[in-house]
file entry_0.pdb (PDB, C-alpha atoms)
ATOM      1  CA  MET A   1       3.944  13.956  -2.100
ATOM      2  CA  VAL A   2       1.304  15.082   0.346
ATOM      3  CA  MET A   3       0.053  12.647   2.935
ATOM      4  CA  LYS A   4      -3.699  12.089   2.681
ATOM      5  CA  ASP A   5      -5.844  11.985   5.766
ATOM      6  CA  LYS A   6      -6.996   8.487   4.936
ATOM      7  CA  ASP A   7      -3.357   7.334   5.068
ATOM      8  CA  LYS A   8      -2.937   8.517   8.649
ATOM      9  CA  PRO A   9      -3.556   5.934  11.380
ATOM     10  CA  ARG A  10      -6.210   6.583  13.967
ATOM     11  CA  ILE A  11      -6.219   5.939  17.683
ATOM     12  CA  PRO A  12      -9.182   5.234  19.950
ATOM     13  CA  GLY A  13     -11.486   8.217  20.157
ATOM     14  CA  GLY A  14     -11.113   9.088  16.472
ATOM     15  CA  LYS A  15      -8.197  11.497  16.954
ATOM     16  CA  LYS A  16      -5.179  11.341  14.684
ATOM     17  CA  LYS A  17      -1.660  11.107  16.030
ATOM     18  CA  HIS A  18       0.996  13.626  15.058
ATOM     19  CA  GLY A  19       1.903  12.401  11.542
ATOM     20  CA  ASP A  20       2.499   8.845  12.832
ATOM     21  CA  PHE A  21       5.198   7.229  10.659
ATOM     22  CA  SER A  22       3.811   3.802  11.499
ATOM     23  CA  LYS A  23       1.709   4.235   8.362
ATOM     24  CA  PHE A  24       4.810   3.281   6.454
ATOM     25  CA  SER A  25       4.839  -0.114   8.212
ATOM     26  CA  LYS A  26       3.175  -3.040   6.506
ATOM     27  CA  LYS A  27      -0.238  -3.949   7.913
ATOM     28  CA  LYS A  28      -0.729  -7.400   9.425
ATOM     29  CA  ASP A  29      -3.425  -9.433   7.659
ATOM     30  CA  SER A  30      -5.548 -11.996   9.436
ATOM     31  CA  PRO A  31      -4.047 -15.469   8.962
ATOM     32  CA  SER A  32      -5.548 -17.788   6.359
ATOM     33  CA  LYS A  33      -4.363 -20.710   4.297
ATOM     34  CA  PHE A  34      -4.136 -18.399   1.299
ATOM     35  CA  ALA A  35      -2.141 -15.726   3.124
ATOM     36  CA  LYS A  36       1.382 -15.035   1.962
ATOM     37  CA  LYS A  37       4.211 -16.112   4.212
ATOM     38  CA  PRO A  38       4.919 -13.222   6.613
ATOM     39  CA  LYS A  39       8.248 -11.414   6.409
ATOM     40  CA  PRO A  40      10.665 -11.543   9.351
ATOM     41  CA  SER A  41       9.619  -9.289  12.202
ATOM     42  CA  GLY A  42      11.657  -6.306  13.313
ATOM     43  CA  SER A  43      11.873  -2.628  12.723
ATOM     44  CA  LEU A  44      12.735  -1.729   9.120
ATOM     45  CA  LYS A  45      14.687   1.368   8.269
ATOM     46  CA  THR A  46      12.655   4.487   7.564
ATOM     47  CA  SER A  47      14.249   4.692   4.123
ATOM     48  CA  ARG A  48      13.002   1.166   3.276
ATOM     49  CA  LEU A  49       9.548   1.834   4.644
ATOM     50  CA  ILE A  50       9.178   5.093   2.760
ATOM     51  CA  SER A  51      10.584   3.568  -0.423
ATOM     52  CA  ASP A  52       8.041   0.724  -0.167
ATOM     53  CA  ARG A  53       5.208   3.192   0.327
ATOM     54  CA  PHE A  54       6.105   5.287  -2.695
ATOM     55  CA  ARG A  55       6.857   2.223  -4.800
ATOM     56  CA  GLU A  56       3.328   1.018  -4.105
ATOM     57  CA  ASP A  57       1.952   4.428  -5.063
ATOM     58  CA  GLY A  58       4.012   4.344  -8.225
ATOM     59  CA  GLU A  59       2.714   0.917  -9.178
ATOM     60  CA  LYS A  60      -0.849   2.157  -8.864
ATOM     61  CA  THR A  61      -0.068   5.130 -11.064
ATOM     62  CA  PHE A  62       2.123   3.602 -13.750
ATOM     63  CA  ASP A  63       1.108  -0.089 -13.934
ATOM     64  CA  LYS A  64      -1.144  -0.533 -16.943
ATOM     65  CA  LYS A  65      -2.881  -3.350 -18.801
ATOM     66  CA  PRO A  66      -1.324  -4.580 -22.073
ATOM     67  CA  SER A  67      -4.080  -2.902 -24.093
ATOM     68  CA  GLU A  68      -3.421   0.435 -22.331
ATOM     69  CA  ARG A  69       0.306   0.098 -22.916
ATOM     70  CA  HIS A  70      -0.398  -0.474 -26.627
ATOM     71  CA  LEU A  71      -2.467   2.710 -26.769
ATOM     72  CA  ASP A  72       0.271   4.655 -25.025
ATOM     73  CA  LYS A  73       2.805   3.342 -27.538
ATOM     74  CA  THR A  74       0.641   4.619 -30.381
ATOM     75  CA  LYS A  75       0.261   8.015 -28.712
ATOM     76  CA  ARG A  76       4.020   8.299 -28.347
ATOM     77  CA  ARG A  77       4.473   8.247 -32.112
ATOM     78  CA  ARG A  78       4.635  11.995 -32.501
ATOM     79  CA  PRO A  79       6.654  14.220 -34.809
ATOM     80  CA  LYS A  80      10.130  15.035 -33.545
ATOM     81  CA  LYS A  81      10.113  18.032 -31.209
ATOM     82  CA  THR A  82      11.589  21.124 -32.776
ATOM     83  CA  SER A  83      14.584  22.637 -30.999
ATOM     84  CA  ASN A  84      14.101  25.940 -29.189
ATOM     85  CA  TYR A  85      16.640  27.438 -31.531
ATOM     86  CA  MET A  86      14.697  26.448 -34.645
ATOM     87  CA  VAL A  87      11.428  28.236 -33.786
ATOM     88  CA  ASP A  88      10.683  31.899 -34.329
ATOM     89  CA  GLY A  89      13.228  32.230 -37.116
ATOM     90  CA  GLY A  90      15.990  30.606 -35.050
ATOM     91  CA  MET A  91      15.729  33.267 -32.304
ATOM     92  CA  ILE A  92      15.493  32.676 -28.551
ATOM     93  CA  ARG A  93      14.685  35.017 -25.667
ATOM     94  CA  LEU A  94      17.791  36.354 -23.978
ATOM     95  CA  ASN A  95      16.575  35.465 -20.453
ATOM     96  CA  LYS A  96      15.917  31.875 -21.552
ATOM     97  CA  TYR A  97      19.399  31.622 -23.071
ATOM     98  CA  ILE A  98      20.921  32.833 -19.797
ATOM     99  CA  ALA A  99      18.826  30.368 -17.749
ATOM    100  CA  HIS A 100      19.870  27.490 -20.036
ATOM    101  CA  SER A 101      23.500  28.376 -19.405
ATOM    102  CA  GLY A 102      22.945  27.375 -15.769
ATOM    103  CA  VAL A 103      23.716  30.815 -14.322
ATOM    104  CA  CYS A 104      20.316  31.599 -12.796
ATOM    105  CA  SER A 105      16.556  31.459 -13.315
ATOM    106  CA  ARG A 106      14.739  33.445 -16.027
ATOM    107  CA  ARG A 107      13.416  35.924 -13.474
ATOM    108  CA  GLU A 108      16.915  36.553 -12.145
ATOM    109  CA  ALA A 109      18.153  36.858 -15.736
ATOM    110  CA  ASP A 110      15.585  39.639 -16.300
ATOM    111  CA  SER A 111      17.027  41.499 -13.305
ATOM    112  CA  LEU A 112      20.543  41.158 -14.723
ATOM    113  CA  ILE A 113      19.342  42.485 -18.074
ATOM    114  CA  GLU A 114      17.561  45.480 -16.509
ATOM    115  CA  THR A 115      20.649  46.472 -14.513
ATOM    116  CA  GLY A 116      22.814  46.487 -17.639
ATOM    117  CA  ALA A 117      24.966  43.521 -16.613
ATOM    118  CA  VAL A 118      24.370  41.601 -19.877
ATOM    119  CA  LYS A 119      26.119  42.210 -23.184
ATOM    120  CA  VAL A 120      25.214  40.749 -26.579
ATOM    121  CA  ASN A 121      27.975  40.920 -29.189
ATOM    122  CA  GLY A 122      29.770  43.499 -27.069
ATOM    123  CA  GLU A 123      26.776  45.821 -26.582
ATOM    124  CA  VAL A 124      24.817  46.238 -23.335
ATOM    125  CA  VAL A 125      21.193  45.051 -23.603
ATOM    126  CA  THR A 126      18.612  46.336 -21.083
ATOM    127  CA  GLU A 127      15.335  45.663 -22.887
ATOM    128  CA  LEU A 128      13.320  42.723 -21.547
ATOM    129  CA  GLY A 129      12.044  40.284 -24.153
ATOM    130  CA  THR A 130      15.074  40.770 -26.396
ATOM    131  CA  LYS A 131      15.644  37.809 -28.718
ATOM    132  CA  ILE A 132      19.021  36.634 -29.939
ATOM    133  CA  LYS A 133      20.500  34.099 -32.343
ATOM    134  CA  PRO A 134      22.275  31.026 -31.002
ATOM    135  CA  THR A 135      25.455  32.280 -32.671
ATOM    136  CA  ASP A 136      25.404  35.592 -30.745
ATOM    137  CA  LYS A 137      28.007  36.161 -28.031
ATOM    138  CA  VAL A 138      26.368  36.687 -24.628
ATOM    139  CA  GLN A 139      28.417  37.947 -21.691
ATOM    140  CA  ILE A 140      27.803  38.682 -18.023
ATOM    141  CA  GLY A 141      30.764  40.744 -16.923
ATOM    142  CA  ASN A 142      33.792  39.152 -18.573
ATOM    143  CA  ASP A 143      32.267  35.662 -18.686
ATOM    144  CA  THR A 144      30.927  34.361 -21.995
ATOM    145  CA  LEU A 145      27.895  32.096 -21.602
ATOM    146  CA  VAL A 146      27.196  28.846 -23.393
ATOM    147  CA  ALA A 147      23.671  27.406 -23.387
ATOM    148  CA  GLU A 148      23.845  23.813 -22.123
ATOM    149  CA  THR A 149      21.580  20.796 -22.117
ATOM    150  CA  HIS A 150      19.924  20.560 -18.701
ATOM    151  CA  ARG A 151      21.092  17.661 -16.548
ATOM    152  CA  TYR A 152      19.548  16.258 -13.356
ATOM    153  CA  VAL A 153      21.598  13.957 -11.113
ATOM    154  CA  LEU A 154      20.477  12.372  -7.837
ATOM    155  CA  LEU A 155      23.137  11.391  -5.266
ATOM    156  CA  ASN A 156      22.808   9.313  -2.110
ATOM    157  CA  LYS A 157      25.355  11.350  -0.160
ATOM    158  CA  PRO A 158      27.678   9.509   2.250
ATOM    159  CA  LYS A 159      29.044  10.952   5.484
ATOM    160  CA  GLY A 160      32.203  13.048   5.393
ATOM    161  CA  TYR A 161      31.544  15.221   2.317
ATOM    162  CA  ILE A 162      30.644  18.909   2.421
ATOM    163  CA  THR A 163      28.042  20.412   0.106
ATOM    164  CA  THR A 164      29.971  23.015  -1.835
ATOM    165  CA  THR A 165      31.474  23.337  -5.301
ATOM    166  CA  ASP A 166      34.901  24.287  -3.949
ATOM    167  CA  ASP A 167      36.577  24.219  -0.540
ATOM    168  CA  PRO A 168      39.631  26.381   0.317
ATOM    169  CA  GLU A 169      40.565  23.894   3.054
ATOM    170  CA  LYS A 170      40.770  21.085   0.463
ATOM    171  CA  ARG A 171      38.206  18.902   2.234
ATOM    172  CA  ASN A 172      36.196  16.318   0.289
ATOM    173  CA  THR A 173      33.222  17.910  -1.480
ATOM    174  CA  VAL A 174      30.142  16.305  -3.014
ATOM    175  CA  MET A 175      31.415  17.390  -6.439
ATOM    176  CA  LEU A 176      34.022  14.607  -6.267
ATOM    177  CA  LEU A 177      31.202  12.059  -6.158
ATOM    178  CA  VAL A 178      29.423  13.293  -9.318
ATOM    179  CA  GLU A 179      32.363  14.536 -11.405
ATOM    180  CA  LYS A 180      31.790  11.802 -14.012
ATOM    181  CA  ALA A 181      27.986  12.067 -14.069
ATOM    182  CA  CYS A 182      27.883  14.350 -17.132
ATOM    183  CA  LYS A 183      30.074  16.702 -19.144
ATOM    184  CA  GLU A 184      27.998  19.753 -18.160
ATOM    185  CA  ARG A 185      28.853  21.604 -14.965
ATOM    186  CA  ILE A 186      26.174  20.872 -12.365
ATOM    187  CA  TYR A 187      25.538  22.330  -8.919
ATOM    188  CA  PRO A 188      23.947  20.970  -5.713
ATOM    189  CA  VAL A 189      20.372  22.057  -4.998
ATOM    190  CA  GLY A 190      20.311  23.149  -1.347
ATOM    191  CA  ARG A 191      22.760  21.536   1.043
ATOM    192  CA  LEU A 192      23.351  18.748   3.540
ATOM    193  CA  ASP A 193      25.940  19.251   6.272
ATOM    194  CA  ARG A 194      29.098  17.159   6.403
ATOM    195  CA  ASN A 195      27.751  14.467   8.729
ATOM    196  CA  THR A 196      24.280  14.203   7.162
ATOM    197  CA  THR A 197      23.661  11.487   4.583
ATOM    198  CA  GLY A 198      20.932  10.978   2.005
ATOM    199  CA  LEU A 199      19.343  12.536  -1.048
ATOM    200  CA  LEU A 200      21.046  15.459  -2.768
ATOM    201  CA  LEU A 201      20.027  16.727  -6.206
ATOM    202  CA  PHE A 202      22.426  18.305  -8.733
ATOM    203  CA  THR A 203      21.482  20.259 -11.865
ATOM    204  CA  ASN A 204      22.474  23.080 -14.188
ATOM    205  CA  ASP A 205      18.808  24.116 -14.505
ATOM    206  CA  GLY A 206      18.888  27.400 -12.585
ATOM    207  CA  GLU A 207      15.133  27.930 -12.805
ATOM    208  CA  LEU A 208      14.264  24.546 -11.290
ATOM    209  CA  ALA A 209      16.971  24.889  -8.619
ATOM    210  CA  LYS A 210      15.485  28.230  -7.539
ATOM    211  CA  LYS A 211      12.008  26.676  -7.361
ATOM    212  CA  LEU A 212      13.181  23.776  -5.192
ATOM    213  CA  THR A 213      15.040  25.988  -2.718
ATOM    214  CA  HIS A 214      12.613  28.918  -2.399
ATOM    215  CA  PRO A 215      10.793  28.812   0.992
ATOM    216  CA  SER A 216       7.427  29.786  -0.518
ATOM    217  CA  ASN A 217       7.243  26.500  -2.462
ATOM    218  CA  ASN A 218       7.196  24.378   0.735
ATOM    219  CA  ILE A 219       9.280  21.532  -0.700
ATOM    220  CA  LYS A 220       8.821  18.407   1.436
ATOM    221  CA  LYS A 221      11.744  16.533   2.993
ATOM    222  CA  ILE A 222      11.741  13.485   5.264
ATOM    223  CA  TYR A 223      14.622  12.640   7.624
ATOM    224  CA  HIS A 224      15.443   9.453   9.529
ATOM    225  CA  VAL A 225      16.913  10.553  12.868
ATOM    226  CA  HIS A 226      18.987   8.379  15.246
ATOM    227  CA  LEU A 227      19.268   9.906  18.737
ATOM    228  CA  ASP A 228      21.698   9.244  21.580
ATOM    229  CA  GLN A 229      18.814   8.550  23.988
ATOM    230  CA  PRO A 230      15.116   7.643  23.743
ATOM    231  CA  LEU A 231      12.836  10.549  22.851
ATOM    232  CA  SER A 232      10.182  11.113  25.497
ATOM    233  CA  THR A 233       6.518  11.276  24.472
ATOM    234  CA  GLY A 234       6.333  14.745  25.986
ATOM    235  CA  HIS A 235       9.164  16.022  23.801
ATOM    236  CA  LEU A 236       7.631  14.322  20.751
ATOM    237  CA  ASP A 237       4.385  16.212  21.353
ATOM    238  CA  GLU A 238       6.281  19.434  22.010
ATOM    239  CA  ILE A 239       8.104  19.213  18.673
ATOM    240  CA  ALA A 240       4.877  18.290  16.865
ATOM    241  CA  SER A 241       3.116  21.351  18.299
ATOM    242  CA  GLY A 242       5.948  23.648  17.202
ATOM    243  CA  ILE A 243       9.177  24.579  18.920
ATOM    244  CA  THR A 244      10.733  28.056  19.093
ATOM    245  CA  LEU A 245      14.400  28.348  18.146
ATOM    246  CA  GLU A 246      16.653  31.415  17.933
ATOM    247  CA  ASP A 247      15.406  32.147  14.404
ATOM    248  CA  GLY A 248      11.698  31.607  15.038
ATOM    249  CA  LEU A 249       9.000  28.960  15.385
ATOM    250  CA  ILE A 250       9.529  25.612  13.646
ATOM    251  CA  LYS A 251       6.644  23.163  13.301
ATOM    252  CA  PRO A 252       7.274  19.881  11.451
ATOM    253  CA  ASP A 253       4.610  18.638   9.042
ATOM    254  CA  ALA A 254       4.859  15.229  10.740
ATOM    255  CA  ILE A 255       6.944  13.483  13.398
ATOM    256  CA  ALA A 256       6.723   9.956  14.796
ATOM    257  CA  PHE A 257       8.753   7.024  16.043
ATOM    258  CA  VAL A 258      10.021   4.785  13.248
ATOM    259  CA  GLY A 259       8.406   1.405  12.593
ATOM    260  CA  ASP A 260       6.518  -0.095  15.527
ATOM    261  CA  GLY A 261       7.845   2.606  17.875
ATOM    262  CA  LYS A 262       9.690   0.218  20.180
ATOM    263  CA  ASP A 263      13.030   1.899  19.475
ATOM    264  CA  ARG A 264      12.374   5.465  20.646
ATOM    265  CA  LYS A 265      15.857   6.525  19.611
ATOM    266  CA  GLN A 266      14.737   6.409  15.963
ATOM    267  CA  VAL A 267      12.418   9.160  14.777
ATOM    268  CA  GLY A 268      11.022  10.177  11.406
ATOM    269  CA  VAL A 269      10.608  13.910  10.748
ATOM    270  CA  GLU A 270       8.838  15.482   7.780
ATOM    271  CA  LEU A 271       9.209  19.226   7.199
ATOM    272  CA  HIS A 272       9.523  21.834   4.465
ATOM    273  CA  SER A 273      11.828  24.339   6.174
ATOM    274  CA  GLY A 274      15.171  24.912   4.478
ATOM    275  CA  LYS A 275      16.842  26.600   7.449
ATOM    276  CA  ASN A 276      20.434  25.671   8.200
ATOM    277  CA  ARG A 277      20.891  22.526  10.376
ATOM    278  CA  ILE A 278      17.203  22.744  11.292
ATOM    279  CA  VAL A 279      16.691  19.067  12.275
ATOM    280  CA  ARG A 280      19.807  18.970  14.445
ATOM    281  CA  ARG A 281      18.886  22.250  16.143
ATOM    282  CA  ILE A 282      15.365  21.022  16.960
ATOM    283  CA  PHE A 283      16.635  18.047  18.961
ATOM    284  CA  GLU A 284      19.688  19.806  20.416
ATOM    285  CA  SER A 285      17.371  22.458  21.894
ATOM    286  CA  LEU A 286      15.772  19.691  23.987
ATOM    287  CA  GLY A 287      19.057  18.111  25.108
ATOM    288  CA  TYR A 288      19.356  15.332  22.526
ATOM    289  CA  LYS A 289      22.345  14.568  20.317
ATOM    290  CA  ILE A 290      21.856  13.243  16.795
ATOM    291  CA  ILE A 291      24.056  10.201  16.140
ATOM    292  CA  LYS A 292      22.941   9.741  12.555
ATOM    293  CA  LEU A 293      20.811  11.876  10.211
ATOM    294  CA  ASP A 294      19.648  10.606   6.826
ATOM    295  CA  ARG A 295      17.442  12.426   4.277
ATOM    296  CA  VAL A 296      15.277   9.723   2.706
ATOM    297  CA  PHE A 297      12.803  11.862   0.730
ATOM    298  CA  PHE A 298      13.174  15.132  -1.189
ATOM    299  CA  ALA A 299      10.546  16.837  -3.374
ATOM    300  CA  GLY A 300       8.942  13.531  -4.402
ATOM    301  CA  LEU A 301      12.262  11.692  -4.886
ATOM    302  CA  THR A 302      13.239   8.638  -2.818
ATOM    303  CA  LYS A 303      16.378   6.518  -2.310
ATOM    304  CA  LYS A 304      14.904   3.499  -4.097
ATOM    305  CA  ASP A 305      17.653   1.463  -5.831
ATOM    306  CA  LEU A 306      20.311   4.068  -4.997
ATOM    307  CA  PRO A 307      23.097   2.764  -2.718
ATOM    308  CA  ARG A 308      25.051   5.119  -0.452
ATOM    309  CA  GLY A 309      27.736   7.040  -2.337
ATOM    310  CA  ARG A 310      26.220   6.327  -5.759
ATOM    311  CA  TYR A 311      24.379   8.620  -8.174
ATOM    312  CA  ARG A 312      22.036   8.279 -11.147
ATOM    313  CA  LEU A 313      20.252  10.479 -13.665
ATOM    314  CA  LEU A 314      16.604  11.244 -12.974
ATOM    315  CA  THR A 315      13.971   9.358 -14.936
ATOM    316  CA  THR A 316      11.412  11.184 -17.075
ATOM    317  CA  GLU A 317       8.735  10.407 -14.476
ATOM    318  CA  GLU A 318      10.835  11.874 -11.651
ATOM    319  CA  LEU A 319      11.604  14.981 -13.660
ATOM    320  CA  ASN A 320       7.902  15.488 -14.320
ATOM    321  CA  ILE A 321       7.262  15.231 -10.561
ATOM    322  CA  LEU A 322       9.813  17.980  -9.907
ATOM    323  CA  ARG A 323       8.296  20.239 -12.534
ATOM    324  CA  VAL A 324       4.805  20.108 -11.027
ATOM    325  CA  VAL A 325       5.746  19.885  -7.331
ATOM    326  CA  LYS A 326       4.538  22.770  -5.147
TER     327      LYS A 326
END

call {"tool": "encode", "arguments": {"input": "entry_0.pdb", "output": "structure tokens"}}
result
Amino acid sequence: MVMKDKDKPRIPGGKKKHGDFSKFSKKKDSPSKFAKKPKPSGSLKTSRLISDRFREDGEKTFDKKPSERHLDKTKRRRPKKTSNYMVDGGMIRLNKYIAHSGVCSRREADSLIETGAVKVNGEVVTELGTKIKPTDKVQIGNDTLVAETHRYVLLNKPKGYITTTDDPEKRNTVMLLVEKACKERIYPVGRLDRNTTGLLLFTNDGELAKKLTHPSNNIKKIYHVHLDQPLSTGHLDEIASGITLEDGLIKPDAIAFVGDGKDRKQVGVELHSGKNRIVRRIFESLGYKIIKLDRVFFAGLTKKDLPRGRYRLLTTEELNILRVVK
């Protein structure tokens, strides 16, 4: 979700601060006898603040009057959707079949087909656009593919698990946490390092996974950072302006102190870079050590109602957000 200019707080002189995260804090209303009882003061966690913000946005979008809900119910009465395998004489494009097996995206499947890596019923197929029957045997190398139902699982990753499907050193992997989520084999989209907590998506939809990890799509992520010492205003401005690391210039989309800004050890960082350990390397380059790092937002998804270490399937609304996100 892109932050609108009107959401950003202003400071005297009309200039905007560097993506100030204080916009996620609740505004104080002038006291009146009709005013609601104020909530206890104190700095709320970034995850709570961000969840509140997106919950409010969601209520504006999805809350409807009874009459509107009745109309929507009527509209939903549509004929049953025909299966992909029942259209076009029961045939399906070979690249789509491969993508549905969870191996890769359709574009990557086309490359495999062109290079002669795909066999159908024992014969190599190199022609793009080839259609097959669901009963045909499709192989890549010696592996026979099976088209699966796509699954989408969101995990609130705890500390101490590595993001990999298998570890030779027998350390705990994130796959242990989602092994009972579905019968299909799913894979993590991107990665979080062992000591980083927060949102991690799993799916067997190779096409969507490629979209969410490709740098050109600028997928937004927000991190709640706990530092070992207060972050100076000068360093905050330096990071906001862009900081050069060993692999190039990194400029966050937004950075600010969390809540009311009194605790300068807590910082919110929004960025779209998918470079390895990027948030940790930004602060380490300036002499800070990250005590805790939590990803609270990923591609429109938040940690709302998802406790640490637990997972859930995506809702239809969330899946639609992922499909249109850029």

call {"tool": "resolve_selection", "arguments": {"input": "entry_0.pdb", "expression": "the PyMOL selection byres ((chain A and resi 101-107) around 7)", "output": "count of residues only"}}
result
19

call {"tool": "atom_distance", "arguments": {"input": "entry_0.pdb", "atom1": "CA of Arg185 in chain A", "atom2": "CA of Leu313 in chain A"}}
result
14.1 Å

call {"tool": "closest_residue", "arguments": {"input": "entry_0.pdb", "among": "A:Val189, A:Ala299, A:Ile92, A:Ala209", "to": "His272 in chain A", "atoms": "all atoms listed in the file"}}
result
A:Ala299

call {"tool": "resolve_selection", "arguments": {"input": "entry_0.pdb", "expression": "the PyMOL selection byres ((chain A and resi 279-290) around 10)", "output": "number ranges by chain"}}
result
A: 196, 223, 225-231, 235-236, 238-239, 242-246, 250-252, 265-266, 269-271, 273-278, 291-293

call {"tool": "closest_residue", "arguments": {"input": "entry_0.pdb", "among": "A:Leu192, A:Leu128, A:Met91, A:Leu154", "to": "Leu177 in chain A", "atoms": "only C-alpha atoms"}}
result
A:Leu154

call {"tool": "atom_distance", "arguments": {"input": "entry_0.pdb", "atom1": "CA of Gly300 in chain A", "atom2": "CA of Arg151 in chain A"}}
result
17.7 Å

call {"tool": "atom_distance", "arguments": {"input": "entry_0.pdb", "atom1": "CA of Val324 in chain A", "atom2": "CA of Ile255 in chain A"}}
result
25.4 Å

call {"tool": "closest_residue", "arguments": {"input": "entry_0.pdb", "among": "A:Gly122, A:Gly141, A:Gly160, A:Gly198", "to": "Pro307 in chain A", "atoms": "all atoms listed in the file"}}
result
A:Gly198

call {"tool": "residues_around", "arguments": {"input": "entry_0.pdb", "residues": "Leu200 in chain A", "least_positions_apart": "2", "cutoff": "10 Å", "atoms": "only C-alpha atoms", "output": "list in words"}}
result
Val153, Leu154, Leu155, Asn156, Lys157, Thr163, Val174, Pro188, Val189, Gly190, Arg191, Leu192, Thr197, Gly198, Phe202, Arg295, Val296, Phe297, Phe298, Leu301 and Tyr311 of chain A

call {"tool": "resolve_selection", "arguments": {"input": "entry_0.pdb", "expression": "the PyMOL selection byres ((chain A and resi 124) around 12)", "output": "number ranges by chain"}}
result
A: 112-123, 125-127, 130, 137-141

call {"tool": "closest_residue", "arguments": {"input": "entry_0.pdb", "among": "A:Lys220, A:Ser232, A:Pro168, A:Val325", "to": "Ala254 in chain A", "atoms": "all atoms listed in the file"}}
result
A:Lys220
